[in-house]
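Chemist: This one is data_37.txt, compact mmCIF, C-alpha atoms.
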```txt
# COMPACT_ATOMS: atom_id res chain seq x y z
CA MET A 1 0.00 0.00 0.00
CA GLY A 2 1.51 3.31 -1.06
CA LYS A 3 0.77 6.97 -1.60
CA VAL A 4 0.39 8.56 -5.03
CA LYS A 5 1.39 12.21 -5.04
CA GLY A 6 1.84 14.98 -7.58
CA LYS A 7 -0.42 16.86 -9.96
CA ASN A 8 -0.32 14.05 -12.53
CA GLY A 9 0.23 11.24 -10.04
CA ILE A 10 -3.12 9.57 -10.64
CA LEU A 11 -2.80 9.76 -14.42
CA ASN A 12 0.73 8.35 -14.38
CA ALA A 13 -0.32 5.48 -12.13
CA LEU A 14 -3.29 4.74 -14.39
CA LYS A 15 -1.14 4.77 -17.51
CA HIS A 16 1.08 2.12 -15.94
CA ASN A 17 -1.88 0.05 -14.77
CA LYS A 18 -3.60 0.33 -18.16
CA ARG A 19 -0.33 -0.41 -19.99
CA THR A 20 -0.42 2.71 -22.14
CA LEU A 21 3.14 3.86 -21.40
CA GLN A 22 5.14 3.06 -24.51
CA ALA A 23 8.42 3.14 -22.56
CA GLU A 24 7.25 0.12 -20.57
CA ARG A 25 6.69 -1.98 -23.65
CA GLY A 26 10.22 -2.01 -25.00
CA ALA A 27 13.16 -4.32 -24.47
CA GLY A 28 14.69 -4.49 -21.03
CA THR A 29 11.45 -4.14 -19.08
CA ASN A 30 9.78 -6.67 -16.81
CA ILE A 31 6.64 -6.67 -18.95
CA ASP A 32 6.03 -9.48 -21.45
CA VAL A 33 4.11 -7.71 -24.22
CA PHE A 34 2.93 -11.03 -25.61
CA ARG A 35 1.06 -11.68 -22.36
CA THR A 36 -0.31 -8.15 -21.96
CA PRO A 37 -3.59 -9.08 -23.74
CA LEU A 38 -4.23 -11.47 -20.83
CA ASN A 39 -4.48 -8.57 -18.39
CA TYR A 40 -7.98 -7.65 -17.26
CA SER A 41 -9.87 -5.10 -15.19
CA LEU A 42 -12.48 -5.84 -12.53
CA THR A 43 -13.86 -2.30 -12.66
CA ASP A 44 -15.13 -0.08 -15.47
CA PRO A 45 -12.62 -0.57 -18.33
CA ALA A 46 -12.34 3.15 -19.02
CA THR A 47 -9.11 4.72 -20.28
CA ALA A 48 -6.52 6.27 -17.98
CA GLU A 49 -7.50 9.74 -19.17
CA GLN A 50 -11.21 9.12 -18.57
CA ILE A 51 -10.66 7.85 -15.03
CA ASP A 52 -8.28 10.72 -14.24
CA ARG A 53 -10.93 13.16 -15.47
CA THR A 54 -13.54 11.49 -13.26
CA ALA A 55 -11.27 11.90 -10.23
CA LYS A 56 -10.78 15.61 -10.98
CA VAL A 57 -14.54 16.13 -11.37
CA LEU A 58 -15.15 14.47 -7.99
CA LEU A 59 -12.60 16.79 -6.39
CA VAL A 60 -14.22 19.89 -7.91
CA GLN A 61 -17.65 18.72 -6.77
CA ALA A 62 -16.22 18.38 -3.26
CA GLY A 63 -14.99 21.97 -3.42
CA ILE A 64 -11.34 21.01 -3.85
CA ASP A 65 -10.14 23.09 -6.80
CA LYS A 66 -6.46 23.11 -5.90
CA PRO A 67 -5.25 20.09 -3.91
CA ARG A 68 -2.25 20.66 -1.66
CA LYS A 69 1.06 20.45 -3.47
CA ASN A 70 2.35 17.58 -1.32
CA GLY A 71 -1.06 16.08 -0.67
CA VAL A 72 -1.85 12.41 -1.19
CA MET A 73 -3.81 12.27 -4.45
CA ALA A 74 -4.49 8.53 -4.31
CA LEU A 75 -3.66 5.34 -2.49
CA GLU A 76 -2.48 2.31 -4.44
CA VAL A 77 -2.75 -1.20 -3.04
CA ILE A 78 -1.00 -4.10 -4.76
CA PHE A 79 -2.15 -7.68 -4.28
CA SER A 80 0.25 -10.34 -5.53
CA LEU A 81 0.20 -14.09 -5.98
CA PRO A 82 3.31 -16.34 -6.10
CA ILE A 83 5.00 -16.69 -9.48
CA ASP A 84 3.79 -20.29 -9.83
CA ARG A 85 0.10 -19.29 -9.95
CA HIS A 86 0.04 -18.30 -13.64
CA GLN A 87 -1.45 -21.65 -14.62
CA GLN A 88 -4.39 -21.19 -12.24
CA ASP A 89 -7.54 -19.09 -12.60
CA THR A 90 -6.68 -15.86 -10.80
CA ARG A 91 -10.13 -14.27 -10.96
CA PRO A 92 -11.60 -15.78 -7.75
CA PHE A 93 -8.65 -14.50 -5.70
CA PHE A 94 -8.60 -11.01 -7.19
CA LYS A 95 -12.40 -10.72 -6.98
CA ASP A 96 -12.09 -11.38 -3.26
CA CYS A 97 -9.31 -8.76 -3.11
CA LEU A 98 -11.63 -6.28 -4.78
CA LYS A 99 -14.42 -7.09 -2.33
CA TRP A 100 -11.98 -6.70 0.59
CA ILE A 101 -10.80 -3.30 -0.67
CA LYS A 102 -14.38 -2.02 -0.84
CA GLN A 103 -15.03 -3.18 2.72
CA HIS A 104 -11.89 -1.92 4.43
CA ILE A 105 -10.34 1.00 2.51
CA PRO A 106 -12.41 4.23 2.58
CA GLY A 107 -12.60 6.45 -0.49
CA VAL A 108 -13.58 6.12 -4.13
CA LEU A 109 -12.24 3.08 -5.97
CA LEU A 110 -11.02 4.41 -9.32
CA SER A 111 -9.69 1.20 -10.87
CA PHE A 112 -8.71 -2.38 -10.18
CA ASP A 113 -6.43 -3.82 -12.85
CA VAL A 114 -4.94 -7.32 -12.91
CA HIS A 115 -1.55 -7.87 -14.57
CA LEU A 116 -0.58 -11.28 -15.89
CA ASP A 117 2.29 -10.05 -18.06
CA GLU A 118 4.96 -9.93 -15.33
CA SER A 119 6.68 -12.56 -13.21
CA ALA A 120 3.90 -12.80 -10.62
CA PRO A 121 0.15 -12.34 -11.17
CA HIS A 122 -0.82 -9.16 -9.33
CA ALA A 123 -3.43 -6.43 -9.19
CA HIS A 124 -3.34 -2.66 -8.69
CA ALA A 125 -6.20 -1.02 -6.81
CA LEU A 126 -6.21 2.77 -7.14
CA ILE A 127 -8.28 4.68 -4.60
CA LEU A 128 -9.20 8.37 -4.44
CA PRO A 129 -9.07 9.08 -0.66
CA LEU A 130 -12.08 11.39 -0.80
CA VAL A 131 -14.24 10.94 2.31
CA ASP A 132 -16.96 13.40 3.39
CA ASN A 133 -15.73 15.87 0.75
CA LYS A 134 -12.23 15.86 2.23
CA MET A 135 -9.00 14.24 1.06
CA LYS A 136 -7.86 11.91 3.84
CA GLY A 137 -5.00 10.00 2.30
CA HIS A 138 -2.66 10.34 5.26
CA GLU A 139 -5.34 9.30 7.74
CA ILE A 140 -6.42 6.26 5.70
CA MET A 141 -2.82 5.19 5.14
CA GLY A 142 -1.92 5.61 8.78
CA GLY A 143 1.37 4.42 10.18
CA LYS A 144 3.13 1.08 10.35
CA GLY A 145 0.68 -0.14 12.97
CA ASN A 146 -2.27 0.41 10.68
CA LEU A 147 -0.53 -1.31 7.79
CA MET A 148 0.16 -4.34 9.96
CA ARG A 149 -3.48 -4.34 11.04
CA LEU A 150 -4.59 -4.38 7.40
CA ILE A 151 -2.10 -7.11 6.51
CA ASN A 152 -3.32 -9.28 9.39
CA LEU A 153 -6.93 -8.63 8.43
CA PHE A 154 -6.34 -9.44 4.76
CA HIS A 155 -4.51 -12.66 5.61
CA ALA A 156 -7.31 -13.78 7.92
CA GLU A 157 -10.17 -12.89 5.56
CA VAL A 158 -8.70 -13.63 2.12
CA ALA A 159 -5.12 -14.85 1.74
CA ARG A 160 -5.20 -17.91 3.98
CA HIS A 161 -8.18 -19.30 2.07
CA TYR A 162 -5.95 -19.51 -1.01
CA GLY A 163 -3.08 -21.28 0.72
CA LEU A 164 -0.98 -18.14 1.05
CA SER A 165 1.42 -17.81 3.97
CA ARG A 166 2.43 -14.70 5.84
CA ASN A 167 5.23 -12.39 4.75
CA GLU A 168 8.51 -14.00 5.85
CA THR A 169 10.51 -10.77 6.00
CA LYS A 170 10.89 -10.95 9.79
CA ARG A 171 12.70 -14.28 9.48
CA PHE A 172 15.51 -12.69 7.49
CA THR A 173 18.53 -11.02 9.04
CA SER A 174 19.40 -7.44 8.21
CA GLN A 175 22.11 -8.73 5.89
CA ASP A 176 19.59 -11.03 4.13
CA LYS A 177 17.27 -8.05 3.58
CA ALA A 178 20.14 -5.95 2.26
CA ASN A 179 21.09 -8.69 -0.21
CA ILE A 180 17.49 -9.12 -1.39
CA ALA A 181 17.05 -5.36 -1.75
CA LYS A 182 20.25 -5.22 -3.82
CA GLN A 183 18.91 -7.94 -6.15
CA VAL A 184 15.55 -6.19 -6.52
CA LEU A 185 17.12 -2.81 -7.28
CA HIS A 186 19.43 -4.49 -9.80
CA THR A 187 16.39 -6.05 -11.49
CA LEU A 188 14.73 -2.63 -11.66
CA ALA A 189 17.80 -0.98 -13.21
CA ALA A 190 16.28 -1.02 -16.70
CA ASP A 191 12.70 -0.49 -15.56
CA PRO A 192 11.00 2.84 -16.45
CA VAL A 193 10.15 3.38 -12.78
CA LYS A 194 13.81 4.27 -12.15
CA LYS A 195 13.37 7.40 -14.28
CA SER A 196 10.08 8.27 -12.62
CA MET A 197 9.55 11.00 -10.04
CA ILE A 198 8.46 8.34 -7.56
CA TRP A 199 11.75 6.39 -7.80
CA PRO A 200 13.12 7.65 -4.44
CA CYS A 201 9.95 6.39 -2.74
CA VAL A 202 10.16 3.05 -4.55
CA ARG A 203 13.85 2.65 -3.67
CA ASP A 204 13.27 3.44 0.01
CA ALA A 205 10.29 1.05 0.15
CA VAL A 206 12.36 -1.75 -1.38
CA GLN A 207 15.21 -1.21 1.06
CA ASN A 208 12.79 -1.12 4.00
CA ASP A 209 10.90 -4.32 3.07
CA PRO A 210 12.35 -6.01 -0.05
CA LEU A 211 10.62 -9.39 0.10
CA PRO A 212 7.22 -8.42 -1.44
CA TYR A 213 9.03 -6.78 -4.36
CA ALA A 214 11.27 -9.82 -4.80
CA GLN A 215 8.19 -12.03 -4.96
CA LEU A 216 6.50 -9.69 -7.42
CA LEU A 217 9.52 -9.56 -9.75
CA GLY A 218 10.34 -13.25 -9.45
CA VAL A 219 13.70 -12.56 -7.81
CA GLU A 220 15.07 -15.68 -6.13
CA TYR A 221 16.20 -15.17 -2.57
CA LYS A 222 17.79 -17.38 0.03
CA ARG A 223 18.50 -16.97 3.70
CA GLN A 224 22.18 -17.07 4.50
CA PRO A 225 23.01 -19.89 6.94
CA ALA A 226 23.80 -18.61 10.39
CA LYS A 227 27.47 -18.57 11.17
CA TYR A 228 28.50 -20.28 14.39
CA THR A 229 30.89 -18.00 16.22
CA GLY A 230 31.41 -20.18 19.28
CA LYS A 231 34.27 -22.52 20.05
CA SER A 232 34.83 -25.83 18.33
CA PHE A 233 34.60 -29.13 20.24
CA VAL A 234 38.40 -29.39 20.32
CA GLN A 235 38.73 -25.83 21.62
CA ILE A 236 36.20 -26.51 24.37
CA MET A 237 37.90 -29.71 25.48
CA THR A 238 41.38 -28.13 25.51
CA SER A 239 40.32 -24.84 27.06
CA LYS A 240 41.92 -23.81 30.35
CA GLY A 241 38.64 -22.25 31.43
CA LYS A 242 38.11 -18.86 33.08
CA GLY A 243 39.43 -19.69 36.52
CA LYS A 244 42.81 -18.98 38.01
CA THR A 245 45.78 -20.72 36.51
CA ILE A 246 46.79 -23.75 38.56
CA ASN A 247 50.41 -24.80 38.55
CA THR A 248 50.78 -28.52 38.13
CA ILE A 249 53.12 -30.43 40.40
```
Here is a file; write its structure as structure tokens.
Modeler:
Amino acid sequence: MGKVKGKNGILNALKHNKRTLQAERGAGTNIDVFRTPLNYSLTDPATAEQIDRTAKVLLVQAGIDKPRKNGVMALEVIFSLPIDRHQQDTRPFFKDCLKWIKQHIPGVLLSFDVHLDESAPHAHALILPLVDNKMKGHEIMGGKGNLMRLINLFHAEVARHYGLSRNETKRFTSQDKANIAKQVLHTLAADPVKKSMIWPCVRDAVQNDPLPYAQLLGVEYKRQPAKYTGKSFVQIMTSKGKGKTINTI
């Protein structure tokens, strides 16, 4: 779950979700253009420009002519399945994700697009945080505690019914996370997102919690075996101990 900011933030996010950015369709990207026709939307299949226009009309109707410069224009939630789920029907899972979003995330759902042309099947839900004629992106997003609450709730109500386990990030050491983040950022080196205005936010999010991005991009990761820093059996048996030195007779 992340914040979309900037005057054209919503439109740019929609163009990515609707696959209308030509830069994303060239060589060196993570998108398989031959699979792009398999993508589908679970909301009104309007164009990025039409949906962006609808969002602006809703803001004007709410009396918000000029949103704050650093205000949260939208919230984007990504739901992802493991990379081995391409051969399965993804619609039941993502339909339940859509239902869950409507129940638990306040605001106006602008779009819900499912991508099957990348390593892992995933969906982008874009939400206009307009509640009671006020933009409440920061409040809806909340802090880390709220995100954990939502993750726990989603796992209990949706994910576990599809055989999905919890995020294993906590089981990794700081060095493991750093290695995974390095692999993810290397994979994104040729991705258009690196040239985007939101790249600093993406980079920081990857470094903070790299595992979801590794799963999404199909990056293989392994936990490094713990290194034993204690004494060997021989060292223990030949040790003089910590007591006073005793002179033998």
Chemist: Which residues are close to Val4 in chain A, i.e. within 8 Å by all atoms listed in the file, leaving aside same-chain residues fewer than 6 positions away? Reply as a list in words.
Modeler: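 Close residues of Val4 in chain A: Ile10, Ala13, Val72, Met73, Ala74, Leu75 and Glu76 of chain A.
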Chemist: So how many Å separate CA of Ala178 in chain A and CA of Pro210 in chain A, to one decimal?
Modeler: 8.1 Å
Chemist: Suppose you want the space between CA of Met1 in chain A and CA of Lys69 in chain A; what is it in Å?
Modeler: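 Distance between the two atoms: 20.8 Å.
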Chemist: Which is closest to Asn146 in chain A among A:Ile31, A:His115, A:Lys18, A:Ile105, if we use all atoms listed in the file?
Modeler: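 Looking only at the distances to Asn146 in chain A, the closest residue turns out to be A:Ile105.
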Chemist: Do you have the CA of Asp96 in chain A-CA of Val158 in chain A distance handy?
Modeler: 6.7 Å
Chemist: Find the residues near Thr47 in chain A: any atom within 10 Å, counting all atoms listed in the file, skip ones fewer than 3 places away on the same chain, and give them as a ChimeraX atom specification.
Modeler: /A:11,14-15,18,20,44,50-53
Chemist: Tell me which of A:Ala62, A:Cys97, A:Leu110, A:Ala159 sits closest to Ala48 in chain A, counting all atoms listed in the file.
Modeler: A:Leu110
Chemist: Quick one: of A:Leu116, A:Leu21, A:Val184, A:Leu98, who's nearest to Glu220 in chain A, counting all atoms listed in the file?
Modeler: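 Selected residue with least distance to Glu220 in chain A: A:Val184.
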Chemist: Considering only C-alpha atoms, can you say which of A:Arg203, A:Val57, A:Trp100, A:Leu128 comes closest to Ala156 in chain A?
Modeler: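 Among the listed residues, A:Trp100 lies closest to Ala156 in chain A.
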Chemist: Using only C-alpha atoms, find the one residue out of A:Val206, A:Ala190, A:Ala214, A:Val114 that sits nearest to Asn30 in chain A.
Modeler: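 Of the candidates, the smallest distance to Asn30 in chain A is held by A:Ala190.
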Chemist: N, CA and C atoms for range 112-127 of chain A, written as a PDB file, in the frame of the given file, could you do that?
Modeler:
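Heads up, here's the output in rebuild_24.pdb:
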```pdb
ATOM      1  N   PHE A 112      -9.291  -1.147 -10.733  1.00  0.00           N
ATOM      2  CA  PHE A 112      -8.710  -2.380 -10.180  1.00  0.00           C
ATOM      3  C   PHE A 112      -8.275  -3.209 -11.378  1.00  0.00           C
ATOM      4  N   ASP A 113      -6.973  -3.184 -11.657  1.00  0.00           N
ATOM      5  CA  ASP A 113      -6.430  -3.820 -12.850  1.00  0.00           C
ATOM      6  C   ASP A 113      -5.518  -4.987 -12.485  1.00  0.00           C
ATOM      7  N   VAL A 114      -5.725  -6.114 -13.150  1.00  0.00           N
ATOM      8  CA  VAL A 114      -4.940  -7.320 -12.910  1.00  0.00           C
ATOM      9  C   VAL A 114      -3.906  -7.481 -14.016  1.00  0.00           C
ATOM     10  N   HIS A 115      -2.654  -7.684 -13.619  1.00  0.00           N
ATOM     11  CA  HIS A 115      -1.550  -7.870 -14.570  1.00  0.00           C
ATOM     12  C   HIS A 115      -1.073  -9.315 -14.561  1.00  0.00           C
ATOM     13  N   LEU A 116      -1.086  -9.910 -15.729  1.00  0.00           N
ATOM     14  CA  LEU A 116      -0.580 -11.280 -15.890  1.00  0.00           C
ATOM     15  C   LEU A 116       0.635 -11.305 -16.815  1.00  0.00           C
ATOM     16  N   ASP A 117       1.175 -10.132 -17.117  1.00  0.00           N
ATOM     17  CA  ASP A 117       2.290 -10.050 -18.060  1.00  0.00           C
ATOM     18  C   ASP A 117       3.637  -9.793 -17.369  1.00  0.00           C
ATOM     19  N   GLU A 118       3.698 -10.030 -16.054  1.00  0.00           N
ATOM     20  CA  GLU A 118       4.960  -9.930 -15.330  1.00  0.00           C
ATOM     21  C   GLU A 118       5.200 -11.241 -14.596  1.00  0.00           C
ATOM     22  N   SER A 119       6.277 -11.302 -13.841  1.00  0.00           N
ATOM     23  CA  SER A 119       6.680 -12.560 -13.210  1.00  0.00           C
ATOM     24  C   SER A 119       5.581 -13.155 -12.334  1.00  0.00           C
ATOM     25  N   ALA A 120       4.947 -12.322 -11.526  1.00  0.00           N
ATOM     26  CA  ALA A 120       3.900 -12.800 -10.620  1.00  0.00           C
ATOM     27  C   ALA A 120       2.562 -12.165 -10.970  1.00  0.00           C
ATOM     28  N   PRO A 121       1.476 -12.923 -10.952  1.00  0.00           N
ATOM     29  CA  PRO A 121       0.150 -12.340 -11.170  1.00  0.00           C
ATOM     30  C   PRO A 121      -0.141 -11.348 -10.036  1.00  0.00           C
ATOM     31  N   HIS A 122      -0.533 -10.136 -10.370  1.00  0.00           N
ATOM     32  CA  HIS A 122      -0.820  -9.160  -9.330  1.00  0.00           C
ATOM     33  C   HIS A 122      -1.845  -8.148  -9.808  1.00  0.00           C
ATOM     34  N   ALA A 123      -2.393  -7.412  -8.862  1.00  0.00           N
ATOM     35  CA  ALA A 123      -3.430  -6.430  -9.190  1.00  0.00           C
ATOM     36  C   ALA A 123      -3.122  -5.092  -8.526  1.00  0.00           C
ATOM     37  N   HIS A 124      -3.495  -4.016  -9.213  1.00  0.00           N
ATOM     38  CA  HIS A 124      -3.340  -2.660  -8.690  1.00  0.00           C
ATOM     39  C   HIS A 124      -4.728  -2.082  -8.412  1.00  0.00           C
ATOM     40  N   ALA A 125      -4.960  -1.720  -7.168  1.00  0.00           N
ATOM     41  CA  ALA A 125      -6.200  -1.020  -6.810  1.00  0.00           C
ATOM     42  C   ALA A 125      -5.843   0.434  -6.560  1.00  0.00           C
ATOM     43  N   LEU A 126      -6.484   1.341  -7.285  1.00  0.00           N
ATOM     44  CA  LEU A 126      -6.210   2.770  -7.140  1.00  0.00           C
ATOM     45  C   LEU A 126      -7.426   3.435  -6.503  1.00  0.00           C
ATOM     46  N   ILE A 127      -7.186   4.128  -5.390  1.00  0.00           N
ATOM     47  CA  ILE A 127      -8.280   4.680  -4.600  1.00  0.00           C
ATOM     48  C   ILE A 127      -8.112   6.179  -4.409  1.00  0.00           C
TER      49      ILE A 127
END
```
